[in-house]
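In what follows, a structure is listed as structure tokens, so that the remarks can point back to it.
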Amino acid sequence: MDHLQNVMGYFDQQQPLCAEHDRISKDLYKEFGVKAGLRDENGKGVLAGLTNISDIRAFQYVDGVKKPADGQLLYRGYDVKDLIRGSSGSRFAFEEAGYLLLFGELPTQEKLEEFCRVLGECRTMPTNFTRDVIMKAPSHDIMNSMARSVLTLASYDPKAGDLEISNVLRQSIQLAGIFPMLAVYSYHAYNHYEKDGSMYIHRPDPELSTAENFLRMLRPDMKYTELEARVLDVALLHAEHGGGNNSTFTTRVVTSSGTDTYSAMAAALCSLKGPRHGGANLMVMQMMQNIRENLHDTEDDEELEAYLKKLLHGEAFDRKGLIYGMGHAVYSLSDPREVVFKGYVEQLAHEKGRDKDLALYNKIEHMAPQLIAEERKIFKGVSPNVDFYSGFVYDMLGIPMELYTPLFAVARVMGWSAHRIEELLSANKIIRPAYKSLGGTHEYIRRNERE
């Protein structure tokens with residue numbers, strides 16, 4: 001430990017040097033027409049590719065004028081709201097969406113049952129993998145544990161580097177089946193070895209859905225209600241969100257190099273774990289706790305409004321000037337995932353006796369967009385996104401915070417896989433954008449002449 005502190009002291013001293021030479025003024029991005037974050041000043045992404053997999057719509061044209069509209073999320077041309085409504089009476093909304101994303105068409109009942117059977121058979125890992133890999137180096141960072149496990153799984157696959165589409169499809173479905181196990185088992189290992197909790201490893205049931213198995217493996221008694229499984233199933237419709245989101249774009253960039261499926265999925269996991277991407281619902285939960293701790297009465301509208309203004313002014317919580325869960329990089333008037341999710345959130349809150357908490361969320365949902373519009377220059381509408389409620393749902397389901405982002409990955413692996421296959425079939429060219437160098441040229445100085 002003393003050695004590490006000495007080494008860290010060296011890097012602390014060198015930090016100003018990095019800041020001096022590596023920080024680039026925002027004005028230069030504007031001067032050279034560089035779209036920082038591959039987005040223009042209005043937040044619109046730079047067109048970097050073509051896809052048949054999904055579409056996000058947030059505007060409409062009225063008399064030739066572009067105007068904000070309620071958001072739409074389409075999987076292969078089908079509205080995600082219809083996918084959820086169409087699954088009424090079944091808990092296979094996620095599996096049906098996964099089939100659609102991977103194969104490009106809605107499955108018949110027979111095809112869906114066969115797909116679910118195959119997915120169920122894929123919910124198994126190599127002998128002793130849980131003991132030898134997952135439990136060997138437990139970590140509070142479950143995403144890191146999952147990425148390490150995914151890379152290790154390549155060692156057990158004799159066709160790991162085979163890029164034939166049938167093989168990539170096989171790998172993708174196997175990983176979709178295994179991801180819930182990697183997430184839950186990694187958490188149990190951390191909870192046991194690092195937090196002194198009890199250890200229990202429940203095997204998944206191949207007859208159950210992804211949502212049911214997640215709850216079954218997570219809970220000591222393996223029990224869950226019909227509503228709990230249904231709500232989690234709907235939450236898993238995070239499965240896809242366009243080719244431009246960071247983790248999906250990462251998948252396509254890495255895939256374009258010709259690497260294997262395990263490396264591509266591990267890269268996507270590492271992208272998703274970033275707090276600017278997959279950790280948004282965690283920030284919402286922490287913000288909500290901060291609000292409860294600092295308000296005398298959460299039912300007092302004036303006190304709540306005053307505190308939300310403090311958040312926007314950077315005077316409270318993390319002082320970033322943000323109300324987390326509000327606004328989206330693409331959507332304007334509404335996030336369709338939040339709209340359809342909200343009804344299930346309300347049902348679960350009633351079942352769990354969390355109506356007071358729900359009321360607070362509802363108040364912020366109505367107040368925040370108006371306050372943000374008053375304080376900020378807005379190019380499009382502001383509305384709650386799906387992350388505003390997803391953390392609340394996970395909390396009501398008893399899912400620990402360490403699993404919030406891993407659960408996102410459990411859903412998103414279907415979308416990542418679809419984009420990987422599309423990149424392999426269509427693009428056939430390594431992704432290599434340009435960066436303008438600002439470094440200039442310097443004459444070499446001999447080492448003994450440097451100051």
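All residue names refer to the structure tokens as shown: chains lettered A, B, ... in order, residues numbered from 1 in each chain, ligands numbered from 1 in order.
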Please build the interface table for segment 125-213 of chain A against segment 90-110 of chain A with a cut-off of 12 Å, listing for each qualifying residue the nearest atom pair and the distance in Å to one decimal; count only C-alpha atoms, order rows by chain and increasing number, and write it as CSV.
```
residue,atom,partner,partner_atom,distance
A:Ile165,CA,A:Leu102,CA,11.3
A:Ser166,CA,A:Leu102,CA,11.6
A:Val168,CA,A:Leu102,CA,11.1
A:Leu169,CA,A:Leu102,CA,8.1
A:Arg170,CA,A:Leu102,CA,11.0
A:Ser172,CA,A:Leu102,CA,9.2
A:Ile173,CA,A:Leu102,CA,9.2
A:Ala176,CA,A:Gly98,CA,9.3
A:Gly177,CA,A:Glu95,CA,10.6
A:Glu207,CA,A:Phe92,CA,11.4
A:Leu208,CA,A:Arg91,CA,9.1
A:Ser209,CA,A:Phe92,CA,6.4
A:Thr210,CA,A:Glu95,CA,7.7
A:Ala211,CA,A:Arg91,CA,8.0
A:Glu212,CA,A:Arg91,CA,8.4
A:Asn213,CA,A:Arg91,CA,11.5
```
Residues from last step as file, C-alpha atoms, as a short mmCIF file (atom, residue, chain, number, x, y, z; two decimals), in the first residue's frame:
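As written to disk, result.cif reads:
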```cif
data_model
loop_
_atom_site.label_atom_id
_atom_site.label_comp_id
_atom_site.auth_asym_id
_atom_site.auth_seq_id
_atom_site.Cartn_x
_atom_site.Cartn_y
_atom_site.Cartn_z
CA ILE A 165 -23.06 -15.16 -39.22
CA SER A 166 -24.52 -18.45 -37.97
CA VAL A 168 -21.98 -15.04 -34.37
CA LEU A 169 -25.73 -15.56 -33.94
CA ARG A 170 -25.05 -18.62 -31.79
CA SER A 172 -25.02 -13.77 -29.32
CA ILE A 173 -27.92 -15.89 -28.10
CA ALA A 176 -28.02 -13.24 -23.97
CA GLY A 177 -28.84 -16.37 -21.96
CA GLU A 207 -38.83 -22.75 -18.76
CA LEU A 208 -38.96 -19.22 -17.35
CA SER A 209 -38.49 -15.82 -19.01
CA THR A 210 -35.42 -13.64 -18.59
CA ALA A 211 -37.22 -11.38 -16.10
CA GLU A 212 -38.50 -14.31 -14.05
CA ASN A 213 -35.08 -15.94 -13.95
#
```
Can you tell me, as a VMD selection string, what residues are no more than 8 Å from Gly161 of chain A when counting only C-alpha atoms, ignoring any on the same chain fewer than 4 positions away?
chain A and resid 259 to 261
Using only C-alpha atoms, find each residue in segment 185-275 of chain A having at least one atom no more than 12 Å away from segment 422-430 of chain A; report its shortest atom-to-atom pair and that distance in Å (one decimal), rows by chain then rising number, as a tab-separated table.
```
residue	atom	partner	partner_atom	distance
A:Gly243	CA	A:Glu423	CA	10.4
A:Thr248	CA	A:Glu423	CA	11.0
A:Phe249	CA	A:Glu423	CA	10.4
A:Thr250	CA	A:Glu423	CA	11.6
A:Thr251	CA	A:Glu423	CA	9.1
A:Arg252	CA	A:Glu423	CA	6.2
A:Val253	CA	A:Ile430	CA	7.4
A:Val254	CA	A:Ile430	CA	8.6
A:Thr255	CA	A:Glu423	CA	7.0
A:Ser256	CA	A:Ile430	CA	4.6
A:Ser257	CA	A:Ile430	CA	5.3
A:Gly258	CA	A:Ile430	CA	8.0
A:Thr259	CA	A:Leu424	CA	10.4
A:Asp260	CA	A:Leu424	CA	11.0
A:Thr261	CA	A:Leu424	CA	10.9
A:Ala264	CA	A:Glu423	CA	11.7
```
Using DSSP on the backbone coordinates, identify the residues of segment 61-304 of chain A assigned to strand (DSSP E or B); present them as a list in words.
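Assigned to strand (DSSP E or B), within segment 61-304 of chain A: Tyr61, Val62, Val65, Lys66, Lys67, Pro68, Ala69, Asp70, Gly71, Gln72, Leu73, Leu74, Tyr75, Tyr78 and Asp79 of chain A.
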Contacts of Ser437 of chain A within 12 Å, only C-alpha atoms, excl. fewer than 5 positions in-chain, as a list in words
Asp22, Ile24, Leu28, Tyr29, Phe32 and Val34 of chain A
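Across the structure, atom CA of Glu240 of chain A and atom CA of Val339 of chain A are spaced 16.4 Å apart.
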Taking a cut-off of 6 Å and counting only C-alpha atoms, can you build a table that, for each residue of segment 137-215 of chain A near segment 115-126 of chain A, reports the nearest atom pair and how far apart they are in Å (one decimal), sorted by chain then residue number, as a tab-separated table?
```
residue	atom	partner	partner_atom	distance
A:Gln174	CA	A:Cys122	CA	5.0
A:Gly177	CA	A:Arg123	CA	4.7
A:Ile178	CA	A:Arg123	CA	5.2
A:Pro206	CA	A:Gly120	CA	4.0
```
Find, counting only C-alpha atoms, the residue in A:Thr298, A:Ser263, A:Asn385, A:Asn144 that gets nearest to Leu403 of chain A.
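Smallest distance to Leu403 of chain A is found for A:Asn144.
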With distances taken over only C-alpha atoms, which residue among A:Ile431, A:Met135, A:Ile399, A:Met217 lies nearest Tyr190 of chain A?
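Between A:Ile431, A:Met135, A:Ile399, A:Met217, the residue approaching Tyr190 of chain A most closely is A:Met135.
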Near-Leu348 of chain A list (9 Å; only C-alpha atoms; drop same-chain fewer than 4 positions) as a short mmCIF file (atom, residue, chain, number, x, y, z; two decimals) with all heavy atoms, in the first residue's frame:
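Saved as around-v9.cif:
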```
data_model
loop_
_atom_site.label_atom_id
_atom_site.label_comp_id
_atom_site.auth_asym_id
_atom_site.auth_seq_id
_atom_site.Cartn_x
_atom_site.Cartn_y
_atom_site.Cartn_z
N LEU A 227 -46.92 -9.57 -11.04
CA LEU A 227 -46.72 -8.17 -11.39
C LEU A 227 -45.24 -7.82 -11.39
O LEU A 227 -44.77 -7.10 -12.28
CB LEU A 227 -47.48 -7.25 -10.43
CG LEU A 227 -47.31 -5.75 -10.67
CD1 LEU A 227 -47.79 -5.36 -12.07
CD2 LEU A 227 -48.07 -4.95 -9.61
N GLU A 228 -44.49 -8.32 -10.41
CA GLU A 228 -43.05 -8.02 -10.34
C GLU A 228 -42.35 -8.49 -11.61
O GLU A 228 -41.54 -7.77 -12.20
CB GLU A 228 -42.43 -8.69 -9.12
CG GLU A 228 -42.79 -8.03 -7.80
CD GLU A 228 -42.21 -8.78 -6.62
OE1 GLU A 228 -42.13 -10.03 -6.68
OE2 GLU A 228 -41.82 -8.12 -5.63
N VAL A 231 -43.41 -6.28 -14.64
CA VAL A 231 -42.80 -4.95 -14.64
C VAL A 231 -41.33 -5.03 -15.05
O VAL A 231 -40.86 -4.22 -15.84
CB VAL A 231 -42.94 -4.28 -13.25
CG1 VAL A 231 -42.15 -2.98 -13.20
CG2 VAL A 231 -44.41 -3.99 -12.96
N GLY A 343 -47.23 3.42 -16.38
CA GLY A 343 -48.41 2.71 -15.88
C GLY A 343 -48.02 1.53 -15.00
O GLY A 343 -48.66 1.27 -13.97
N TYR A 344 -46.97 0.83 -15.37
CA TYR A 344 -46.51 -0.32 -14.58
C TYR A 344 -45.86 0.15 -13.28
O TYR A 344 -45.96 -0.52 -12.25
CB TYR A 344 -45.53 -1.16 -15.40
CG TYR A 344 -46.18 -1.82 -16.59
CD1 TYR A 344 -46.07 -1.27 -17.87
CD2 TYR A 344 -46.93 -2.98 -16.44
CE1 TYR A 344 -46.67 -1.86 -18.96
CE2 TYR A 344 -47.54 -3.59 -17.53
CZ TYR A 344 -47.41 -3.02 -18.79
OH TYR A 344 -48.02 -3.61 -19.86
N LYS A 352 -46.68 -2.20 -3.53
CA LYS A 352 -45.61 -2.15 -2.54
C LYS A 352 -45.84 -1.11 -1.44
O LYS A 352 -45.01 -0.96 -0.54
CB LYS A 352 -44.28 -1.84 -3.23
CG LYS A 352 -43.85 -2.88 -4.25
CD LYS A 352 -43.48 -4.18 -3.59
CE LYS A 352 -42.94 -5.19 -4.60
NZ LYS A 352 -42.57 -6.47 -3.97
N GLY A 353 -46.95 -0.37 -1.51
CA GLY A 353 -47.21 0.65 -0.50
C GLY A 353 -46.28 1.84 -0.61
O GLY A 353 -45.92 2.45 0.41
N ARG A 354 -45.89 2.19 -1.82
CA ARG A 354 -44.94 3.29 -2.05
C ARG A 354 -45.62 4.48 -2.73
O ARG A 354 -44.99 5.21 -3.49
CB ARG A 354 -43.77 2.79 -2.91
CG ARG A 354 -42.96 1.65 -2.32
CD ARG A 354 -42.05 2.08 -1.19
NE ARG A 354 -41.01 2.98 -1.66
CZ ARG A 354 -39.84 2.56 -2.14
NH1 ARG A 354 -39.56 1.27 -2.23
NH2 ARG A 354 -38.93 3.44 -2.52
N VAL A 393 -38.26 1.66 -9.76
CA VAL A 393 -38.81 0.32 -9.95
C VAL A 393 -37.86 -0.74 -9.41
O VAL A 393 -38.27 -1.67 -8.70
CB VAL A 393 -39.10 0.06 -11.45
CG1 VAL A 393 -39.28 -1.43 -11.72
CG2 VAL A 393 -40.33 0.81 -11.89
N MET A 396 -38.06 -0.88 -5.73
CA MET A 396 -39.26 -1.56 -5.26
C MET A 396 -39.17 -3.07 -5.44
O MET A 396 -39.79 -3.84 -4.69
CB MET A 396 -40.50 -1.01 -5.98
CG MET A 396 -40.88 0.40 -5.56
SD MET A 396 -42.51 0.92 -6.19
CE MET A 396 -42.17 1.15 -7.93
N LEU A 397 -38.38 -3.51 -6.41
CA LEU A 397 -38.21 -4.94 -6.65
C LEU A 397 -37.12 -5.55 -5.76
O LEU A 397 -36.85 -6.75 -5.84
CB LEU A 397 -37.86 -5.19 -8.12
CG LEU A 397 -38.98 -4.94 -9.14
CD1 LEU A 397 -38.45 -5.08 -10.56
CD2 LEU A 397 -40.16 -5.86 -8.92
#
```
Mind pulling up the distance from atom CA of Val150 of chain A to atom CA of Tyr187 of chain A?
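Between atom CA of Tyr187 of chain A and atom CA of Val150 of chain A the gap is 15.4 Å.
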Using only C-alpha atoms, pick whichever of A:Phe388, A:Lys273, A:Leu151, A:Pro369 has the shortest atom-to-atom distance to Met287 of chain A.
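When distances to Met287 of chain A are compared using only C-alpha atoms, the smallest one comes from A:Phe388.
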Just want the 9 Å neighbourhood of Gly279 of chain A, counted on only C-alpha atoms, with same-chain residues fewer than 5 positions away dropped. Output as a list in words.
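That gives Leu272, Lys273, Gly274, Asp387, Tyr404 and Thr405 of chain A.
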Just to confirm, what's the straight-line distance from atom CA of Glu194 of chain A to atom CA of Gly398 of chain A in Å (one decimal)?
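Going from atom CA of Glu194 of chain A over to atom CA of Gly398 of chain A, I get 19.3 Å.
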Polymer residues at most 9 Å from Phe317 of chain A, only C-alpha atoms, same-chain spacing of 3 or more positions, as a PDB file with C-alpha atoms, in the first residue's frame:
```pdb
ATOM      1  CA  GLN A 286     -29.168   9.439  -5.231  1.00  0.00           C
ATOM      2  CA  MET A 287     -30.766  12.774  -6.151  1.00  0.00           C
ATOM      3  CA  ASN A 290     -30.911  13.944  -1.326  1.00  0.00           C
ATOM      4  CA  ILE A 291     -34.229  15.706  -1.902  1.00  0.00           C
ATOM      5  CA  LYS A 310     -31.160  24.989  -6.172  1.00  0.00           C
ATOM      6  CA  LEU A 311     -30.315  21.839  -8.140  1.00  0.00           C
ATOM      7  CA  GLY A 314     -25.638  24.047  -8.867  1.00  0.00           C
ATOM      8  CA  LYS A 320     -23.664  19.880 -11.469  1.00  0.00           C
ATOM      9  CA  GLY A 321     -26.735  22.012 -12.197  1.00  0.00           C
TER      10      GLY A 321
END
```
